[in-house]
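Presented below is the structure to which this report refers.
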Amino acid sequence: MRVSLGLFLASSILLADSLTIQKISITSQALESLNTDELKFSRQQDLAQILANYIPSINMVRASAIGNDIVLRGFKRDDINILVDGAKIYGACPNRMDPPLMHISITDVKSISVVKGPFDVENFGSMGGAVVVQSADPTPGLHTMLDAMLGSFSYKKFEAKGSAADKKAGVSFGVSYENAGQYEDGSGKTLVEQNWAKLGKNDPNAYQEKYKDIDAYTRSSVHIKSFYKPTSNQRLDLAMYTDKATNVLYPAFQMDAQLDKTLMVNGKYTINNLSQFSKELQLSSYYSSVVHNMGTEFRNSANNPMMYRTHHVKSVVKGLKLRNSFDTLGAVWSAGIDSSLRLWNGKCYKEPIWQPKQVRIPDVHTLNSALFLKVGKNIDNWDLQAGLRYDDTSIKAKNLKDPTIASIGAIQNYYKGHEKRTFNDLSYNMKVTYHWDENIATYFGYGRGVRVPDGQELYFIGFMRGNWSRRGNPDLKEAKNQEFDVGIDATFDQTHINAELFYSNVDDFIYAYRSNVGNSNPSKYYLTWDNIDAHIWGFSLDAQRSIGDFYMIEAALSYQRGEKDSFGHTGGDKDMAQIPPLHARVALSFDNGDIYWMVEGLASSSWNNYDAGNGEQKIDGWTVVNWKLSKYIGDALDLQIGVDNIFDKTYAMNNTYVGRSLIGGRNPVLINEPGRFFYANIVKRF
């Protein structure tokens with residue numbers, strides 16, 4: 001019997017975010033394979049919504065039809081590491097209009113692993129967790145595939161893939177094109193109309209009437225991946241991915257993304273069984289570049305010569321890692337060197353003449369060098385695991401003397417003596433799993449993770465005529481998360497259950513807030529950051545049960561609560577921002593090898609704990625029902641259909657935290673999720 005999508009995703013994603021109970025595996029988190037077609041068997045256009053639907057501890061931050069961010073157990077933005085084939089990827093937009101997950105095409109995904117908590121020492125910046133994405137390798141033999149998907153609100157996607165490989169070498173190639181109109185929420189409002197409903201049609205940041213029916217986005221991508229085995233124990237892997245999105249509407253903010261352009265190149269060389277001191281030696285390197293242009297072309301402000309502008313931002317990351325794995329003293333060890341350099345700069349240009357107006361991110365260089373060590377050992381019924389990492393990080397603003405900086409004297413004076421920051425940090429973790437028998441295991445984990453402030457949190461420049469609109473804080477400290485996890489993983493007959501609790505104590509959490517201190521006009525506010533102490537705790541429960549030969553029922557829920565222990569300058573509201581309420585999922589699926597269907601319910605309780613002082617508000621709870629069906633027609637043709645939000649509910653998944661804003665004087669517009677959405681996908685294989 002073919003593994004159903006429900007079971008496959010349950011085991012691959014829901015279990016991937018908790019400790020595996022198999023004694024032979026002592027990795028931080030289980031990494032299960034996800035079939036590309038099964039991931040694509042969904043209406044979602046980006047990975048953020050797929051993850052949010054299947055993992056209740058992940059909440060999606062809606063800002064657009066695509067390009068949406070995630071919150072993982074209360075951690076967000078740079079608190080979470082995003083890795084693609086081992087390579088770090090950052091967006092370029094300081095406001096996360098192009099979050100890292102946007103720069104990954106569902107077409108290319110082979111597997112996903114979600115690491116909850118500070119239990120990754122191999123990579124820089126995994127304080128709150130990590131999302132690890134593995135792209136598909138070339139498939140043995142000769143294969144081609146054509147895929148077409150159509151959906152509500154003029155959604156369409158077309159792709160073609162090819163692969164050729166044998167035991168010695170292989171190559172795969174793929175192209176895709178995607179376009180969508182503006183979706184409507186359950187009340188029938190488009191993205192533009194939701195923007196108008198909040199701001200009114202005459203607001204400078206509202207859309208112009210002539211752009212009422214503009215498409216939500218257009219996107220295309222190309223990917224190439226290859227491998228070569230010069231000997232039986234050596235392998236070279238090379239991959240390239242490029243993605244381009246144009247005119248992406250962001251009704252939540254004051255601007256839209258005119259261009260998002262991504263280039264990722266990575267390679268790794270692996271030698272197995274080199275000696276008794278090297279079971280696997282791997283050298284890997286990567287390069288990623290993201291260009292983000294955001295502007296006011298579609299807004300009323302474009303009619304004002306003083307407000308018609310485009311922000312051009314670019315982020316480049318280069319990385320190199322050497323890792324050696326070996327067995328000694330009855331344990332499995334992995335030691336290595338990890339280094340990365342991020343270059344981030346941005347300028348504001350006056351339109352339509354493309355004249356530099358002001359530097360926004362002053363060419364900030366973040367250089368990280370690290371040593372790491374991991375060890376795992378099995379002793380009878382015990383699995384023991386530990387990790388250690390030492391980071392040396394320097395961050396420098398290299399362009400604070402640019403002549404295009406308006407009011408340069410005041411800005412240089414503000415950042416004087418803080419043009420360079422250095423951080424030296426130790427991260428570590430340990431996990432202990434006890435197997436009561438082959439079906440029941442309990443586990444305990446403790447970890448400490450660190451994340452340094454990024455270039456815009458330290459050095460952003462938004463200053464004009466004596467007033468800041470967005471300001472970096474060059475005195476920020478690095479955030480430190482100390483977390484305890486405890487859980488149980490059990491299988492009884494046809495039922496599998498995983499339950500876990502966590503408690504995070506975060507010192508110097510980097511927290512965005514609004515202020516007017518220092519502005520010549522006290523009615524003008526700016527966005528900035530401060531360090532606070534806070535704690536986050538919560539629990540999750542996942543369960544799956546087979547019913548007979550063809551049915552599967554799944555259930556999952558998650559709850560988090562976050563409170564400030566100190567406030568700094570962030571205001572007196574004790575509730576932390578962007579801590580989602582109780583979220584749950586229930587699904588029933590059928591699979592007889594020929595026909596597969598699933599009906600699922602997603603639900604969230606009301607948002608009652610929120611940071612009102614920093615723009616958040618009460619949001620009603622919601623429940624939606626989705627349905628999908630797949631029919632395999634012979635060996636060459638697949639047909640998949642579905643409908644999301646069957647009852648056309650109007651609801652929102654996230655909140656209006658000022659930390660999501662472009663400037664301090666404005667809260668983001670709360671954007672609702674799509675209403676009833678039909679889709680159909682047909683795949684032809686050759």
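Chain identifiers are assigned as A, B, and so on, following the order in which chains appear in the structure tokens; residues are numbered from 1 within each chain, and ligands are numbered from 1 in order of appearance.
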Write out as a list in words the residues lying within 12 Å of Ala197 (chain A), counting only C-alpha atoms and excluding same-chain residues fewer than 4 positions away. Ser187, Lys189, Thr190, Leu191, Val192, Glu193, Lys201, Asn202, Asp203, Ala206, Tyr207, Pro251, Ala252, Val669, Leu670, Ile671 and Asn672 of chain A
Can those selected residues be exported to a file as an mmCIF file, in the first residue's frame so that it contains N, CA and C atoms?
data_model
loop_
_atom_site.group_PDB
_atom_site.id
_atom_site.type_symbol
_atom_site.label_atom_id
_atom_site.label_comp_id
_atom_site.auth_asym_id
_atom_site.auth_seq_id
_atom_site.Cartn_x
_atom_site.Cartn_y
_atom_site.Cartn_z
ATOM 1 N N SER A 187 -14.647 37.205 3.727
ATOM 2 C CA SER A 187 -15.674 38.236 3.536
ATOM 3 C C SER A 187 -15.652 38.818 2.133
ATOM 4 N N LYS A 189 -12.967 40.317 0.569
ATOM 5 C CA LYS A 189 -12.043 41.434 0.372
ATOM 6 C C LYS A 189 -10.721 40.939 -0.212
ATOM 7 N N THR A 190 -10.246 41.617 -1.250
ATOM 8 C CA THR A 190 -8.938 41.322 -1.821
ATOM 9 C C THR A 190 -7.843 41.907 -0.923
ATOM 10 N N LEU A 191 -6.593 41.686 -1.299
ATOM 11 C CA LEU A 191 -5.484 42.250 -0.527
ATOM 12 C C LEU A 191 -5.542 43.773 -0.517
ATOM 13 N N VAL A 192 -5.800 44.371 -1.679
ATOM 14 C CA VAL A 192 -5.911 45.828 -1.748
ATOM 15 C C VAL A 192 -7.086 46.317 -0.911
ATOM 16 N N GLU A 193 -8.209 45.625 -0.976
ATOM 17 C CA GLU A 193 -9.391 46.053 -0.222
ATOM 18 C C GLU A 193 -9.191 45.891 1.274
ATOM 19 N N LYS A 201 -9.002 54.921 1.639
ATOM 20 C CA LYS A 201 -8.432 55.045 0.295
ATOM 21 C C LYS A 201 -7.516 56.247 0.124
ATOM 22 N N ASN A 202 -7.610 57.239 1.014
ATOM 23 C CA ASN A 202 -6.834 58.464 0.831
ATOM 24 C C ASN A 202 -5.542 58.488 1.627
ATOM 25 N N ASP A 203 -5.293 57.495 2.422
ATOM 26 C CA ASP A 203 -4.058 57.441 3.198
ATOM 27 C C ASP A 203 -2.856 57.376 2.249
ATOM 28 N N ALA A 206 -1.999 53.878 1.329
ATOM 29 C CA ALA A 206 -3.021 53.053 0.688
ATOM 30 C C ALA A 206 -2.713 52.911 -0.802
ATOM 31 N N TYR A 207 -3.275 51.868 -1.395
ATOM 32 C CA TYR A 207 -3.069 51.630 -2.823
ATOM 33 C C TYR A 207 -3.846 52.643 -3.655
ATOM 34 N N PRO A 251 0.328 44.315 1.348
ATOM 35 C CA PRO A 251 -0.649 45.264 1.875
ATOM 36 C C PRO A 251 -0.497 45.520 3.368
ATOM 37 N N ALA A 252 0.234 44.655 4.071
ATOM 38 C CA ALA A 252 0.442 44.859 5.499
ATOM 39 C C ALA A 252 1.364 46.042 5.774
ATOM 40 N N VAL A 669 -0.764 46.349 8.854
ATOM 41 C CA VAL A 669 -2.178 46.032 8.650
ATOM 42 C C VAL A 669 -2.373 44.535 8.873
ATOM 43 N N LEU A 670 -3.386 44.176 9.643
ATOM 44 C CA LEU A 670 -3.699 42.767 9.873
ATOM 45 C C LEU A 670 -4.307 42.181 8.602
ATOM 46 N N ILE A 671 -3.642 41.181 8.027
ATOM 47 C CA ILE A 671 -4.081 40.577 6.774
ATOM 48 C C ILE A 671 -4.725 39.225 7.059
ATOM 49 N N ASN A 672 -5.939 39.043 6.566
ATOM 50 C CA ASN A 672 -6.656 37.784 6.752
ATOM 51 C C ASN A 672 -6.132 36.704 5.810
#
Find the nearest atom pair between each residue of region 627-658 of chain A and region 53-76 of chain A for residues within 12 Å, count only C-alpha atoms, give distances in Å to one decimal, sort rows by chain and ascending number, and present the table as a tab-separated table.
residue	atom	partner	partner_atom	distance
A:Asp644	CA	A:Asn53	CA	11.3
A:Tyr651	CA	A:Arg62	CA	11.3
A:Ala652	CA	A:Arg62	CA	8.1
A:Met653	CA	A:Met60	CA	6.6
A:Asn654	CA	A:Val61	CA	5.4
A:Asn655	CA	A:Val61	CA	7.7
A:Thr656	CA	A:Val61	CA	9.5
A:Tyr657	CA	A:Val61	CA	10.3
Limited to C-alpha atoms, could you put the picked residues into a file as a PDB file, in the first residue's frame?
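And here's out.pdb as it stands now:
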ATOM      1  CA  ASP A 644      -9.023  24.798   1.536  1.00  0.00           C
ATOM      2  CA  TYR A 651      -9.724  34.728  10.044  1.00  0.00           C
ATOM      3  CA  ALA A 652      -6.163  35.898  10.750  1.00  0.00           C
ATOM      4  CA  MET A 653      -3.259  33.768  11.970  1.00  0.00           C
ATOM      5  CA  ASN A 654      -0.895  36.385  13.408  1.00  0.00           C
ATOM      6  CA  ASN A 655      -0.890  39.806  15.049  1.00  0.00           C
ATOM      7  CA  THR A 656       0.071  43.448  14.456  1.00  0.00           C
ATOM      8  CA  TYR A 657       3.309  43.707  16.443  1.00  0.00           C
TER       9      TYR A 657
END
Fewer than 4 positions away in the same chain doesn't count, so skip those; otherwise give me all residues within 9 Å of Gly487 (chain A), counting only C-alpha atoms, as a PDB file with C-alpha atoms, in the first residue's frame.
ATOM      1  CA  SER A  18      10.846  15.796  18.315  1.00  0.00           C
ATOM      2  CA  LEU A  19      13.470  13.328  19.433  1.00  0.00           C
ATOM      3  CA  ALA A 441      11.097   6.270  25.464  1.00  0.00           C
ATOM      4  CA  THR A 442      11.393   9.360  27.643  1.00  0.00           C
ATOM      5  CA  TYR A 443      13.887  12.110  27.019  1.00  0.00           C
ATOM      6  CA  PHE A 444      15.351  15.201  28.648  1.00  0.00           C
ATOM      7  CA  GLY A 445      17.320  17.975  26.999  1.00  0.00           C
ATOM      8  CA  ASN A 498       4.690  12.167  21.297  1.00  0.00           C
ATOM      9  CA  ALA A 499       4.301  14.723  24.085  1.00  0.00           C
ATOM     10  CA  GLU A 500       6.795  17.326  25.242  1.00  0.00           C
ATOM     11  CA  LEU A 501       7.181  20.320  27.548  1.00  0.00           C
ATOM     12  CA  PHE A 502       9.728  23.109  27.240  1.00  0.00           C
TER      13      PHE A 502
END
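Take CA of Thr491 (chain A) and CA of Asn439 (chain A): the distance between them is 5.1 Å.
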Residues near region 424-428 of chain A, anyone? I mean within 8 Å using only C-alpha atoms, not counting same-chain ones fewer than 5 positions away, as an mmCIF file with C-alpha atoms, in the first residue's frame.
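Just written: part31.cif:
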data_model
loop_
_atom_site.group_PDB
_atom_site.id
_atom_site.type_symbol
_atom_site.label_atom_id
_atom_site.label_comp_id
_atom_site.auth_asym_id
_atom_site.auth_seq_id
_atom_site.Cartn_x
_atom_site.Cartn_y
_atom_site.Cartn_z
ATOM 1 C CA PHE A 119 20.147 21.930 19.959
ATOM 2 C CA VAL A 121 25.870 23.422 17.328
ATOM 3 C CA ALA A 386 26.096 16.397 23.764
ATOM 4 C CA GLY A 387 27.267 19.327 21.676
ATOM 5 C CA LEU A 388 29.595 22.287 22.119
ATOM 6 C CA ARG A 389 30.289 25.358 19.973
ATOM 7 C CA TYR A 390 32.526 28.400 20.379
ATOM 8 C CA ASP A 391 31.755 31.474 18.237
ATOM 9 C CA ASP A 392 33.881 34.505 17.495
ATOM 10 C CA THR A 393 31.799 37.151 15.711
ATOM 11 C CA GLY A 447 20.694 23.595 25.789
ATOM 12 C CA ARG A 448 22.184 27.049 25.592
ATOM 13 C CA GLY A 449 22.042 28.932 22.306
ATOM 14 C CA VAL A 450 23.177 32.397 21.296
#
Find the distance between CA of Val586 (chain A) and CA of Gln544 (chain A) and write it in Å to one decimal.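 Separation between CA of Val586 (chain A) and CA of Gln544 (chain A): 9.7 Å.
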The distance between CA of Leu238 (chain A) and CA of Lys110 (chain A) is 15.9 Å
